[in-house]
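Novice: This one is start-v8.cif, mmCIF, C-alpha atoms and all ligand atoms.
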data_query
loop_
_atom_site.label_atom_id
_atom_site.label_comp_id
_atom_site.auth_asym_id
_atom_site.auth_seq_id
_atom_site.Cartn_x
_atom_site.Cartn_y
_atom_site.Cartn_z
CA MET A 16 0.00 0.00 0.00
CA SER A 17 1.49 3.35 -0.98
CA THR A 18 1.93 5.95 1.74
CA SER A 19 2.01 9.05 -0.38
CA SER A 20 1.58 12.56 0.94
CA ASN A 21 -2.05 12.91 -0.13
CA ASN A 22 -3.07 9.60 1.39
CA MET A 23 -5.02 11.41 4.09
CA PRO A 24 -8.66 11.24 5.07
CA THR A 25 -10.65 13.83 3.16
CA PRO A 26 -11.85 16.45 5.65
CA ALA A 27 -15.62 16.73 5.77
CA LEU A 28 -16.47 20.13 4.38
CA PRO A 29 -19.62 21.57 5.89
CA SER A 30 -21.61 22.91 3.00
CA THR A 31 -25.05 24.03 2.08
CA PHE A 32 -24.57 23.05 -1.54
CA GLY A 33 -23.44 20.01 -3.47
CA VAL A 34 -22.05 19.20 -6.90
CA ARG A 35 -23.87 16.99 -9.37
CA ILE A 36 -23.24 15.38 -12.70
CA ALA A 37 -26.08 16.89 -14.69
CA GLY A 38 -25.52 15.03 -17.95
CA THR A 39 -23.19 12.75 -19.89
CA GLY A 40 -22.42 12.05 -23.53
CA SER A 41 -19.93 10.15 -25.63
CA CYS A 42 -18.77 9.69 -29.19
CA VAL A 43 -16.81 6.99 -31.01
CA PRO A 44 -15.88 6.98 -34.70
CA ASP A 45 -17.96 4.74 -37.02
CA ARG A 46 -14.91 3.00 -38.46
CA VAL A 47 -14.27 -0.40 -36.83
CA LEU A 48 -10.77 -1.90 -36.81
CA SER A 49 -11.21 -5.56 -35.89
CA ASN A 50 -8.59 -8.10 -34.87
CA LYS A 51 -9.20 -9.76 -38.26
CA ASP A 52 -8.29 -6.46 -39.96
CA LEU A 53 -5.08 -6.33 -37.89
CA GLU A 54 -4.26 -9.91 -38.90
CA LYS A 55 -4.04 -8.63 -42.49
CA MET A 56 -1.63 -5.84 -41.49
CA LEU A 57 0.57 -7.54 -38.88
CA ASP A 58 1.99 -10.84 -37.70
CA THR A 59 -0.72 -11.31 -35.05
CA SER A 60 -3.92 -13.27 -34.52
CA ASP A 61 -7.41 -12.68 -33.19
CA GLU A 62 -6.80 -15.52 -30.73
CA TRP A 63 -3.59 -13.96 -29.32
CA ILE A 64 -5.18 -10.52 -28.91
CA VAL A 65 -8.39 -11.80 -27.30
CA GLN A 66 -6.53 -14.11 -24.93
CA ARG A 67 -3.97 -11.50 -23.79
CA THR A 68 -6.20 -8.41 -23.73
CA GLY A 69 -9.91 -9.23 -24.16
CA ILE A 70 -10.05 -6.86 -27.16
CA ARG A 71 -11.96 -7.92 -30.30
CA GLU A 72 -12.28 -4.61 -32.11
CA ARG A 73 -11.69 -0.90 -31.63
CA ARG A 74 -12.94 2.31 -33.31
CA ILE A 75 -10.58 4.62 -35.16
CA CYS A 76 -11.06 8.07 -36.68
CA ASP A 77 -11.17 8.51 -40.43
CA PRO A 78 -9.22 11.75 -41.05
CA GLU A 79 -10.48 11.75 -44.67
CA LYS A 80 -13.98 12.27 -43.29
CA GLY A 81 -12.69 15.12 -41.13
CA GLU A 82 -12.84 13.09 -37.91
CA SER A 83 -10.38 14.06 -35.20
CA ASN A 84 -9.90 14.37 -31.48
CA ARG A 85 -11.62 17.78 -31.67
CA THR A 86 -14.70 16.54 -33.55
CA LEU A 87 -15.13 13.66 -31.05
CA CYS A 88 -14.92 16.15 -28.16
CA VAL A 89 -17.48 18.50 -29.71
CA LYS A 90 -19.97 15.66 -30.23
CA ALA A 91 -19.45 14.10 -26.78
CA LEU A 92 -19.82 17.40 -24.92
CA GLY A 93 -22.73 18.45 -27.14
CA ARG A 94 -24.52 15.20 -26.21
CA ALA A 95 -23.75 15.70 -22.50
CA LEU A 96 -25.30 19.18 -22.69
CA GLU A 97 -28.38 17.77 -24.42
CA ASP A 98 -28.64 15.11 -21.72
CA ALA A 99 -28.43 17.86 -19.07
CA HIS A 100 -31.04 19.96 -20.98
CA MET A 101 -28.58 22.82 -21.12
CA GLN A 102 -27.13 25.22 -23.65
CA ALA A 103 -23.38 25.54 -24.24
CA SER A 104 -23.68 29.20 -23.23
CA GLU A 105 -24.39 28.02 -19.67
CA LEU A 106 -20.92 26.47 -19.33
CA ASP A 107 -18.40 28.66 -17.59
CA LEU A 108 -15.43 26.31 -17.94
CA ILE A 109 -14.42 23.46 -20.28
CA ILE A 110 -11.63 21.05 -19.34
CA ILE A 111 -10.47 18.56 -21.93
CA ALA A 112 -8.30 15.68 -20.76
CA THR A 113 -6.26 14.48 -23.71
CA CYS A 114 -2.75 13.53 -24.72
CA THR A 115 -3.53 13.46 -28.45
CA GLY A 116 -4.87 16.95 -29.10
CA GLU A 117 -4.36 18.11 -32.67
CA SER A 118 -2.58 21.15 -31.25
CA THR A 119 -1.10 22.19 -27.93
CA VAL A 120 -1.48 25.85 -28.90
CA PRO A 121 -4.34 26.55 -28.87
CA ALA A 122 -5.69 24.07 -26.35
CA VAL A 123 -8.31 21.78 -27.93
CA ALA A 124 -10.77 23.03 -25.28
CA CYS A 125 -10.69 26.57 -26.73
CA ARG A 126 -11.76 25.40 -30.18
CA VAL A 127 -14.36 23.04 -28.73
CA ALA A 128 -15.82 25.97 -26.73
CA ALA A 129 -15.97 28.08 -29.89
CA GLU A 130 -17.59 25.32 -31.98
CA LEU A 131 -20.24 24.62 -29.35
CA GLY A 132 -20.95 28.32 -28.75
CA ALA A 133 -19.74 28.39 -25.14
CA GLU A 134 -18.98 32.07 -25.39
CA GLY A 135 -17.11 33.48 -22.44
CA ALA A 136 -16.31 30.07 -20.95
CA ALA A 137 -12.76 29.51 -19.74
CA ALA A 138 -11.13 26.53 -21.44
CA PHE A 139 -7.98 24.49 -21.01
CA ASP A 140 -6.53 21.03 -21.69
CA LEU A 141 -5.21 18.70 -19.04
CA VAL A 142 -2.61 16.02 -19.77
CA ALA A 143 -2.55 12.94 -17.57
CA ALA A 144 -2.80 10.24 -20.28
CA CYS A 145 -5.22 7.44 -19.38
CA SER A 146 -5.84 9.02 -15.94
CA GLY A 147 -6.87 12.29 -17.62
CA PHE A 148 -10.64 12.18 -17.23
CA VAL A 149 -10.46 11.20 -13.54
CA PHE A 150 -7.93 13.99 -12.85
CA ALA A 151 -10.14 16.47 -14.77
CA LEU A 152 -13.28 15.40 -12.91
CA ASN A 153 -11.53 15.93 -9.56
CA THR A 154 -10.26 19.32 -10.75
CA ALA A 155 -13.73 20.38 -11.92
CA HIS A 156 -15.28 19.32 -8.64
CA ALA A 157 -12.70 21.25 -6.62
CA LEU A 158 -13.27 24.41 -8.68
CA VAL A 159 -17.06 24.22 -8.29
CA ARG A 160 -16.70 23.44 -4.58
CA ALA A 161 -14.42 26.46 -4.18
CA GLY A 162 -17.04 28.67 -5.78
CA ALA A 163 -14.85 29.56 -8.74
CA PHE A 164 -17.22 28.13 -11.38
CA ASN A 165 -20.84 26.94 -11.43
CA THR A 166 -20.92 24.68 -14.48
CA VAL A 167 -18.00 22.80 -15.98
CA GLY A 168 -17.89 20.63 -19.10
CA VAL A 169 -15.38 17.83 -18.52
CA VAL A 170 -14.26 15.77 -21.50
CA GLY A 171 -11.89 12.81 -21.76
CA CYS A 172 -10.81 12.11 -25.32
CA ASP A 173 -7.99 10.40 -27.12
CA GLN A 174 -7.40 9.75 -30.77
CA MET A 175 -4.83 7.04 -30.09
CA SER A 176 -4.75 6.04 -33.78
CA SER A 177 -2.91 9.32 -34.48
CA ILE A 178 0.07 8.28 -32.32
CA LEU A 179 0.30 4.57 -33.08
CA ASP A 180 2.86 2.80 -35.18
CA TYR A 181 0.72 0.22 -37.01
CA THR A 182 3.81 -1.92 -37.64
CA ASP A 183 4.42 -2.35 -33.88
CA ARG A 184 2.17 -5.28 -32.96
CA SER A 185 2.99 -5.11 -29.25
CA VAL A 186 1.36 -1.65 -28.93
CA CYS A 187 -1.08 -0.89 -31.76
CA ILE A 188 -3.44 -3.80 -31.05
CA LEU A 189 -4.40 -2.28 -27.68
CA PHE A 190 -5.78 1.13 -28.51
CA GLY A 191 -8.83 2.83 -30.02
CA ASP A 192 -10.31 6.33 -30.31
CA ALA A 193 -13.18 7.66 -28.16
CA ALA A 194 -14.50 10.65 -26.25
CA GLY A 195 -16.79 10.93 -23.26
CA ALA A 196 -18.06 13.97 -21.40
CA ALA A 197 -19.85 15.03 -18.23
CA VAL A 198 -21.45 18.30 -17.20
CA VAL A 199 -20.49 19.06 -13.58
CA ARG A 200 -22.73 21.58 -11.89
CA VAL A 201 -23.47 23.16 -8.53
CA THR A 202 -26.68 21.94 -6.87
CA ASP A 203 -28.58 22.93 -3.76
CA ASP A 204 -28.60 19.26 -2.66
CA PRO A 205 -25.60 18.98 -0.27
CA ALA A 206 -25.73 15.16 -0.36
CA LYS A 207 -24.46 15.10 -3.95
CA GLY A 208 -20.84 15.33 -5.03
CA LEU A 209 -17.39 13.96 -4.59
CA ILE A 210 -16.83 12.02 -1.37
CA THR A 211 -13.11 11.56 -1.79
CA GLN A 212 -10.41 11.42 -4.47
CA CYS A 213 -6.86 10.18 -4.93
CA MET A 214 -4.37 11.41 -7.51
CA HIS A 215 -0.79 10.18 -7.82
CA ALA A 216 2.17 10.31 -10.18
CA ASP A 217 5.55 8.62 -10.34
CA GLY A 218 7.66 10.24 -13.04
CA THR A 219 10.49 7.76 -12.61
CA GLY A 220 8.39 5.27 -14.59
CA TRP A 221 8.07 7.52 -17.68
CA PRO A 222 10.16 5.29 -20.00
CA ASP A 223 7.59 2.51 -19.63
CA LEU A 224 5.02 4.47 -21.67
CA TYR A 225 5.85 7.61 -23.61
CA LEU A 226 5.57 9.48 -26.87
CA PRO A 227 9.12 10.21 -28.07
CA ARG A 228 9.50 13.63 -29.67
CA HIS A 229 13.32 13.96 -29.58
CA ALA A 230 16.28 11.62 -30.02
CA GLU A 231 17.43 12.64 -26.50
CA GLN A 232 14.30 11.03 -25.05
CA LEU A 233 15.09 7.76 -26.78
CA ILE A 234 18.61 7.83 -25.37
CA ALA A 235 17.34 8.65 -21.85
CA ALA A 236 14.80 5.84 -22.08
CA GLY A 237 17.41 3.37 -23.32
CA ALA A 238 15.50 2.85 -26.59
CA SER A 239 17.10 2.24 -29.93
CA GLU A 240 17.88 5.48 -31.77
CA ASP A 241 16.00 4.36 -34.88
CA THR A 242 12.71 4.16 -32.92
CA PRO A 243 10.15 6.30 -34.80
CA LEU A 244 9.44 9.69 -33.21
CA GLY A 245 5.82 10.70 -32.57
CA LYS A 246 4.64 7.11 -32.03
CA LEU A 247 3.69 5.63 -28.67
CA LYS A 248 6.34 3.45 -27.07
CA MET A 249 5.45 0.97 -24.33
CA ASN A 250 7.09 -1.64 -22.15
CA GLY A 251 3.99 -3.84 -21.94
CA ARG A 252 5.18 -6.12 -19.13
CA ALA A 253 6.25 -3.22 -16.90
CA VAL A 254 2.97 -1.35 -17.50
CA TYR A 255 1.03 -4.53 -16.77
CA LYS A 256 2.76 -4.98 -13.39
CA PHE A 257 2.30 -1.30 -12.53
CA ALA A 258 -1.39 -1.39 -13.47
CA VAL A 259 -2.23 -4.55 -11.53
CA SER A 260 -0.57 -3.38 -8.31
CA ARG A 261 -1.61 0.30 -8.42
CA PHE A 262 -5.19 -0.55 -9.36
CA SER A 263 -5.65 -2.62 -6.20
CA GLU A 264 -3.87 -0.05 -4.01
CA LEU A 265 -6.08 2.66 -5.43
CA ILE A 266 -9.30 0.84 -4.59
CA GLU A 267 -8.06 0.19 -1.04
CA GLU A 268 -6.85 3.77 -0.56
CA THR A 269 -10.10 5.28 -1.83
CA LEU A 270 -12.27 3.04 0.33
CA GLN A 271 -10.10 3.80 3.36
CA LYS A 272 -10.26 7.57 2.85
CA ALA A 273 -14.05 7.39 2.49
CA ASN A 274 -14.46 4.86 5.31
CA LEU A 275 -16.55 2.66 3.03
CA THR A 276 -16.47 -1.02 2.00
CA VAL A 277 -16.49 -2.62 -1.44
CA GLU A 278 -20.07 -3.78 -0.83
CA GLN A 279 -21.27 -0.20 -0.36
CA ILE A 280 -20.07 0.92 -3.80
CA ASP A 281 -22.68 0.59 -6.56
CA HIS A 282 -20.31 0.84 -9.53
CA PHE A 283 -16.59 0.77 -10.22
CA VAL A 284 -16.14 2.65 -13.51
CA CYS A 285 -12.64 1.69 -14.58
CA HIS A 286 -10.12 2.56 -17.23
CA GLN A 287 -10.23 -0.17 -19.87
CA SER A 288 -6.57 -1.09 -20.21
CA ASN A 289 -6.68 -4.85 -20.45
CA ALA A 290 -9.49 -7.27 -19.49
CA ARG A 291 -7.01 -9.31 -17.42
CA ILE A 292 -6.04 -6.27 -15.34
CA LEU A 293 -9.72 -5.53 -14.59
CA GLU A 294 -10.40 -9.17 -13.79
CA SER A 295 -7.50 -9.37 -11.33
CA ALA A 296 -8.90 -6.46 -9.29
CA ARG A 297 -12.46 -7.78 -9.50
CA GLU A 298 -11.38 -11.17 -8.16
CA ARG A 299 -9.13 -9.74 -5.45
CA PHE A 300 -11.91 -7.58 -4.00
CA GLY A 301 -14.81 -9.96 -4.74
CA ILE A 302 -16.56 -7.32 -6.86
CA PRO A 303 -19.58 -8.77 -8.68
CA GLU A 304 -19.40 -8.59 -12.48
CA GLU A 305 -22.41 -6.28 -12.73
CA LYS A 306 -20.60 -3.67 -10.62
CA MET A 307 -17.55 -3.46 -12.88
CA TYR A 308 -18.51 -2.69 -16.47
CA VAL A 309 -16.21 -3.90 -19.24
CA ASN A 310 -16.46 -2.67 -22.85
CA ILE A 311 -12.82 -3.20 -23.89
CA ASP A 312 -13.94 -6.01 -26.24
CA HIS A 313 -15.56 -3.43 -28.57
CA TYR A 314 -13.52 -0.27 -27.99
CA GLY A 315 -10.02 -1.32 -26.86
CA ASN A 316 -8.13 1.11 -24.63
CA SER A 317 -9.15 4.66 -25.56
CA SER A 318 -6.92 6.28 -22.92
CA ALA A 319 -8.66 9.37 -21.43
CA GLY A 320 -11.82 8.47 -23.36
CA SER A 321 -12.36 5.09 -21.72
CA VAL A 322 -13.75 6.03 -18.28
CA PRO A 323 -16.28 8.63 -19.51
CA LEU A 324 -17.32 6.33 -22.39
CA CYS A 325 -18.12 3.56 -19.88
CA PHE A 326 -19.88 6.02 -17.58
CA ASP A 327 -22.07 7.39 -20.36
CA GLN A 328 -22.97 3.93 -21.65
CA LEU A 329 -23.95 2.83 -18.14
CA ARG A 330 -26.05 5.96 -17.58
CA GLN A 331 -27.77 5.77 -20.96
CA ALA A 332 -28.60 2.09 -20.28
CA GLY A 333 -30.22 3.15 -16.98
CA LYS A 334 -27.73 1.09 -14.95
CA ILE A 335 -26.26 4.05 -13.07
CA THR A 336 -28.87 6.22 -11.41
CA ASP A 337 -29.11 9.24 -9.13
CA GLY A 338 -28.09 8.71 -5.52
CA GLN A 339 -25.71 5.81 -6.26
CA LEU A 340 -22.11 5.59 -5.08
CA VAL A 341 -19.74 5.44 -8.06
CA MET A 342 -15.96 5.04 -7.96
CA PHE A 343 -14.05 6.13 -11.08
CA LEU A 344 -10.57 4.59 -11.42
CA ALA A 345 -7.78 5.10 -13.93
CA PHE A 346 -4.03 4.65 -14.41
CA GLY A 347 -1.66 5.32 -17.23
CA ALA A 348 1.41 7.06 -18.61
CA GLY A 349 3.38 9.38 -16.37
CA LEU A 350 3.09 7.08 -14.61
CA THR A 351 -0.18 8.37 -13.12
CA TRP A 352 -3.11 6.85 -11.24
CA GLY A 353 -6.21 8.28 -9.63
CA SER A 354 -9.74 7.80 -8.37
CA SER A 355 -12.86 9.87 -7.85
CA LEU A 356 -15.65 8.63 -5.57
CA TRP A 357 -19.05 10.27 -6.01
CA ARG A 358 -22.50 10.23 -4.52
CA LEU A 359 -24.43 10.99 -7.72
N1 LIG B 1 0.47 -10.71 -31.63
C1 LIG B 1 1.19 -11.84 -31.49
N2 LIG B 1 2.28 -11.93 -30.71
C2 LIG B 1 2.65 -10.82 -30.06
C3 LIG B 1 1.96 -9.61 -30.15
C4 LIG B 1 0.83 -9.58 -30.97
N3 LIG B 1 0.07 -8.48 -31.14
N4 LIG B 1 2.56 -8.69 -29.36
C5 LIG B 1 3.60 -9.31 -28.80
N5 LIG B 1 3.67 -10.58 -29.21
C6 LIG B 1 4.64 -11.62 -28.85
C7 LIG B 1 5.94 -11.04 -28.35
O1 LIG B 1 6.79 -10.75 -29.43
C8 LIG B 1 6.46 -12.15 -27.48
O2 LIG B 1 7.05 -13.12 -28.31
P1 LIG B 1 8.40 -13.86 -27.86
O3 LIG B 1 8.04 -14.57 -26.58
O4 LIG B 1 8.70 -14.74 -29.01
O5 LIG B 1 9.39 -12.74 -27.63
C9 LIG B 1 5.20 -12.77 -26.90
O6 LIG B 1 4.11 -12.35 -27.74
C10 LIG B 1 4.92 -12.34 -25.48
O7 LIG B 1 5.05 -10.94 -25.40
P2 LIG B 1 4.77 -10.14 -24.08
O8 LIG B 1 4.98 -8.69 -24.33
O9 LIG B 1 5.49 -10.77 -22.95
O10 LIG B 1 3.21 -10.45 -23.91
P3 LIG B 1 2.31 -10.18 -22.69
O11 LIG B 1 1.69 -11.42 -22.23
O12 LIG B 1 2.99 -9.31 -21.67
O13 LIG B 1 1.15 -9.31 -23.35
C11 LIG B 1 0.46 -7.03 -23.51
C12 LIG B 1 1.46 -8.10 -23.97
C13 LIG B 1 -0.92 -7.46 -23.96
C14 LIG B 1 0.83 -5.72 -24.18
C15 LIG B 1 0.52 -6.93 -21.98
O14 LIG B 1 1.85 -6.78 -21.55
C16 LIG B 1 -0.29 -5.78 -21.47
O15 LIG B 1 -1.51 -5.76 -21.59
N6 LIG B 1 0.36 -4.84 -20.81
C17 LIG B 1 -0.33 -3.69 -20.27
C18 LIG B 1 -0.34 -2.69 -21.33
C19 LIG B 1 -1.39 -1.66 -21.11
O16 LIG B 1 -2.39 -1.85 -20.50
N7 LIG B 1 -1.12 -0.54 -21.74
C20 LIG B 1 -2.09 0.45 -21.80
C21 LIG B 1 -1.54 1.77 -21.65
S1 LIG B 1 -1.46 2.36 -20.05
C22 LIG B 1 -2.68 1.87 -19.29
O17 LIG B 1 -3.74 1.95 -19.80
C23 LIG B 1 -2.39 1.30 -18.02
#
Do you think you could lay out the structure here as structure tokens?
Ligand code: ACO
Specialist:
Amino acid sequence: MSTSSNNMPTPALPSTFGVRIAGTGSCVPDRVLSNKDLEKMLDTSDEWIVQRTGIRERRICDPEKGESNRTLCVKALGRALEDAHMQASELDLIIIATCTGESTVPAVACRVAAELGAEGAAAFDLVAACSGFVFALNTAHALVRAGAFNTVGVVGCDQMSSILDYTDRSVCILFGDAAGAAVVRVTDDPAKGLITQCMHADGTGWPDLYLPRHAEQLIAAGASEDTPLGKLKMNGRAVYKFAVSRFSELIEETLQKANLTVEQIDHFVCHQSNARILESARERFGIPEEKMYVNIDHYGNSSAGSVPLCFDQLRQAGKITDGQLVMFLAFGAGLTWGSSLWRL
């Protein structure tokens, strides 16, 4: 169990107001890239991929049709606003968690705000790789709780296909593209909102999962100098070990901080990294299948998009409802890991 500096009980904040998730939305590209398609491109097999990862297919953007990280974000947040019966003009902040934005200047969030008509809203991007949506949700909650903003659009989106080397079978088979969004809003019901959160990073593990931009990074990471720049590089075994151990620690830490038990949690909405990683945590804690949703078979690992995509699918299916206790969990490059426990 990690004993990091923010592993402290969350102080109970007396408050006359709460924070609620007023709506959710998501968007995945139409184009399906199946394991059979990958078999035609690479020395791999459907059997190997399904057995090692649980993935059968993933969605990827078609740039020729104008699809991109930005267009997925606009659609996902637009749908979340519709779900919340709100106009974009009511948003006063947009946070987009992404590590595959089509630009760093400007932030994707600024263009998304403009395209949706969120005039006057503040907007910025947040980079925490696969942990991005959970970190952004915690940030949004803290800003609403502090009284700085009333209504925040939080999006998690990654267009992983834009940073994959489709000749590297050990990495490209894992990922897909997706966006999910939530509208976080102040409410006069003080029972609603975040109960506790955990956010951690360990930068010493960066060479296990990174996007090389310079030859110096390759040298520092001990990678061969002819490794392609701009394509995701991963030490699968090291990431697997990190994910399995941190995932369990994170569940324990979050429950401890909230003084709750596994049985009291209605849903564990988890980053979809690998079906085996999810299964190991489910078995260890005795979490029933219906409390830990898995959609990796159809969407692969969509990095910051995976948690909000699961959340939206569960809400739209009527499986997650108001008043329930929901724990969001994610881990990824950085290395980073975090949770967000809500009373909806
Ligand atoms: N098809 C067929 N064979 C393959 C493929 C493939 N797509 N990829 C690798 N192999 C081969 C390797 O070359 C190796 O062959 P060898 O023994 O002859 O050298 C063999 O399969 C075993 O390779 P490993 O890398 O040891 O396979 P492993 O069982 O570890 O599975 C995997 C690889 C699926 C990537 C696993 O390590 C994993 O899931 N790691 C976690 C990665 C992850 O979740 N990343 C997401 C990003 S961050 C996050 O979300 C946490």
Novice: Grab me every residue within 6 Å of ligand LIG 1 (chain B), counting all atoms listed in the file, and send it over as a PyMOL selection string.
Specialist: chain A and resi 59-60+63+67-68+145+184-185+188+251-252+254-255+258+288-289+346-348
Novice: Identify which of the residues A:Gly237, A:Pro227, A:Pro222, A:Gly168 lies closest to Ala197 (chain A), counting all atoms listed in the file when measuring atom-to-atom distances.
Specialist: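 Nearest to Ala197 (chain A): A:Gly168.
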Novice: Which residue out of A:Arg291, A:His313, A:Lys306, A:Arg94 has the minimum interatomic distance to Gln331 (chain A) when all atoms listed in the file are used?
Specialist: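 Closest residue, counting all atoms listed in the file: A:Arg94.
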Novice: Which residues, protein or nucleic acid, reach to within 9 Å of (-9.1, 14.6, -13.3) in the file's coordinates when using all atoms listed in the file, and can you give that as number ranges by chain?
Specialist: A: 112, 141, 143, 146-155, 169, 214, 353-355
Novice: Of the candidates A:Glu82, A:Asp192, A:Glu97, A:Glu72, which shows the shortest atom-to-atom distance to Met175 (chain A), using all atoms listed in the file?
Specialist: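 Closest candidate: A:Asp192.
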Novice: Could you check which of A:Ser176, A:Gln212, A:Ser239, A:Gln328 is closest to Leu344 (chain A), using all atoms listed in the file?
Specialist: A:Gln212
Novice: One number please: CA of Gly349 (chain A) to CA of Ser41 (chain A), in Å, one decimal.
Specialist: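 Those two atoms sit 25.1 Å apart.
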Novice: Between A:Leu275, A:Val89, A:Val34, A:Leu359, which residue has the minimum interatomic distance to Thr336 (chain A), considering only C-alpha atoms?
Specialist: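 So, comparing all the options, the nearest one is A:Leu359.
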Novice: Using all atoms listed in the file, find the one residue out of A:Pro303, A:Gly191, A:Pro78, A:Gly33 that sits nearest to Glu117 (chain A).
Specialist: A:Pro78
Novice: How many Å lie between CA of Ala144 (chain A) and CA of Thr113 (chain A), rounded to one decimal?
Specialist: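 Distance between the two atoms: 6.5 Å.
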Novice: What is the CA of Val170 (chain A) to CA of Glu79 (chain A) distance in Å?
Specialist: 23.8 Å
Novice: Given the point (-6.2, -1.5, -8.2) in the file's coordinates, find the residues that have an atom at most 10 Å from it, counting only C-alpha atoms, and give them as a list in words.
Specialist: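 Neighbouring residues, ordered by chain and number, come to Phe257, Ala258, Val259, Ser260, Arg261, Phe262, Ser263, Glu264, Leu265, Ile266, Glu267, Glu268, Cys285, Ile292, Leu293, Ser295, Ala296, Arg297, Arg299, Phe300, Leu344, Ala345, Phe346, Trp352, Gly353 and Ser354 of chain A.
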Novice: Counting only C-alpha atoms, what is within 12 Å of region 228-230 of chain A, bar same-chain residues fewer than 4 positions away, as a list in words?
Specialist: Ile178, Ile234, Ala235, Ala236, Gly237, Ala238, Ser239, Glu240, Asp241, Thr242, Pro243, Leu244, Gly245, Lys246, Leu247 and Lys248 of chain A
Novice: If we count only C-alpha atoms, what is near region 43-52 of chain A at a cut-off of 7 Å, once residues fewer than 5 positions away on the same chain are taken out, given as number ranges by chain?
Specialist: A: 60-61, 71-77, 87, 192-194
Novice: Which neighbours of Asp327 (chain A) fall inside 8 Å, counting only C-alpha atoms, when residues of the same chain fewer than 2 positions from it are skipped, and could you give them as a VMD selection string?
Specialist: chain A and resid 39 to 41 195 to 196 323 to 325 329 to 331
Novice: Let's have the selection written as a JSON list (two decimals), in the coordinates of the input, with C-alpha atoms.
Specialist:
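Saved to out19.json:
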[["chain", "number", "residue", "atom", "x", "y", "z"],
["A", 39, "THR", "CA", -23.19, 12.75, -19.89],
["A", 40, "GLY", "CA", -22.42, 12.05, -23.53],
["A", 41, "SER", "CA", -19.93, 10.15, -25.63],
["A", 195, "GLY", "CA", -16.79, 10.93, -23.26],
["A", 196, "ALA", "CA", -18.06, 13.97, -21.40],
["A", 323, "PRO", "CA", -16.28, 8.63, -19.51],
["A", 324, "LEU", "CA", -17.32, 6.33, -22.39],
["A", 325, "CYS", "CA", -18.12, 3.56, -19.88],
["A", 329, "LEU", "CA", -23.95, 2.83, -18.14],
["A", 330, "ARG", "CA", -26.05, 5.96, -17.58],
["A", 331, "GLN", "CA", -27.77, 5.77, -20.96]]
Novice: Generate the coordinates of N, CA and C atoms for region 222-234 of chain A; report them as a PDB file, in the coordinates of the input.
Specialist:
ATOM      1  N   PRO A 222       9.746   6.028 -18.793  1.00  0.00           N
ATOM      2  CA  PRO A 222      10.160   5.290 -20.000  1.00  0.00           C
ATOM      3  C   PRO A 222       9.304   4.060 -20.302  1.00  0.00           C
ATOM      4  N   ASP A 223       8.428   3.678 -19.368  1.00  0.00           N
ATOM      5  CA  ASP A 223       7.590   2.510 -19.630  1.00  0.00           C
ATOM      6  C   ASP A 223       6.463   2.808 -20.617  1.00  0.00           C
ATOM      7  N   LEU A 224       6.117   4.095 -20.772  1.00  0.00           N
ATOM      8  CA  LEU A 224       5.020   4.470 -21.670  1.00  0.00           C
ATOM      9  C   LEU A 224       5.175   5.935 -22.029  1.00  0.00           C
ATOM     10  N   TYR A 225       5.608   6.214 -23.255  1.00  0.00           N
ATOM     11  CA  TYR A 225       5.850   7.610 -23.610  1.00  0.00           C
ATOM     12  C   TYR A 225       5.771   7.819 -25.118  1.00  0.00           C
ATOM     13  N   LEU A 226       5.650   9.090 -25.472  1.00  0.00           N
ATOM     14  CA  LEU A 226       5.570   9.480 -26.870  1.00  0.00           C
ATOM     15  C   LEU A 226       6.861  10.218 -27.212  1.00  0.00           C
ATOM     16  N   PRO A 227       7.836   9.543 -27.832  1.00  0.00           N
ATOM     17  CA  PRO A 227       9.120  10.210 -28.070  1.00  0.00           C
ATOM     18  C   PRO A 227       8.992  11.335 -29.096  1.00  0.00           C
ATOM     19  N   ARG A 228       9.512  12.504 -28.733  1.00  0.00           N
ATOM     20  CA  ARG A 228       9.500  13.630 -29.670  1.00  0.00           C
ATOM     21  C   ARG A 228      10.924  14.007 -30.109  1.00  0.00           C
ATOM     22  N   HIS A 229      11.928  13.600 -29.282  1.00  0.00           N
ATOM     23  CA  HIS A 229      13.320  13.960 -29.580  1.00  0.00           C
ATOM     24  C   HIS A 229      14.208  12.728 -29.386  1.00  0.00           C
ATOM     25  N   ALA A 230      15.326  12.723 -30.136  1.00  0.00           N
ATOM     26  CA  ALA A 230      16.280  11.620 -30.020  1.00  0.00           C
ATOM     27  C   ALA A 230      16.799  11.501 -28.588  1.00  0.00           C
ATOM     28  N   GLU A 231      16.909  12.655 -27.883  1.00  0.00           N
ATOM     29  CA  GLU A 231      17.430  12.640 -26.500  1.00  0.00           C
ATOM     30  C   GLU A 231      16.531  11.787 -25.596  1.00  0.00           C
ATOM     31  N   GLN A 232      15.223  11.825 -25.873  1.00  0.00           N
ATOM     32  CA  GLN A 232      14.300  11.030 -25.050  1.00  0.00           C
ATOM     33  C   GLN A 232      14.557   9.547 -25.250  1.00  0.00           C
ATOM     34  N   LEU A 233      14.828   9.181 -26.490  1.00  0.00           N
ATOM     35  CA  LEU A 233      15.090   7.760 -26.780  1.00  0.00           C
ATOM     36  C   LEU A 233      16.341   7.313 -26.045  1.00  0.00           C
ATOM     37  N   ILE A 234      17.360   8.176 -26.053  1.00  0.00           N
ATOM     38  CA  ILE A 234      18.610   7.830 -25.370  1.00  0.00           C
ATOM     39  C   ILE A 234      18.351   7.694 -23.864  1.00  0.00           C
TER      40      ILE A 234
END
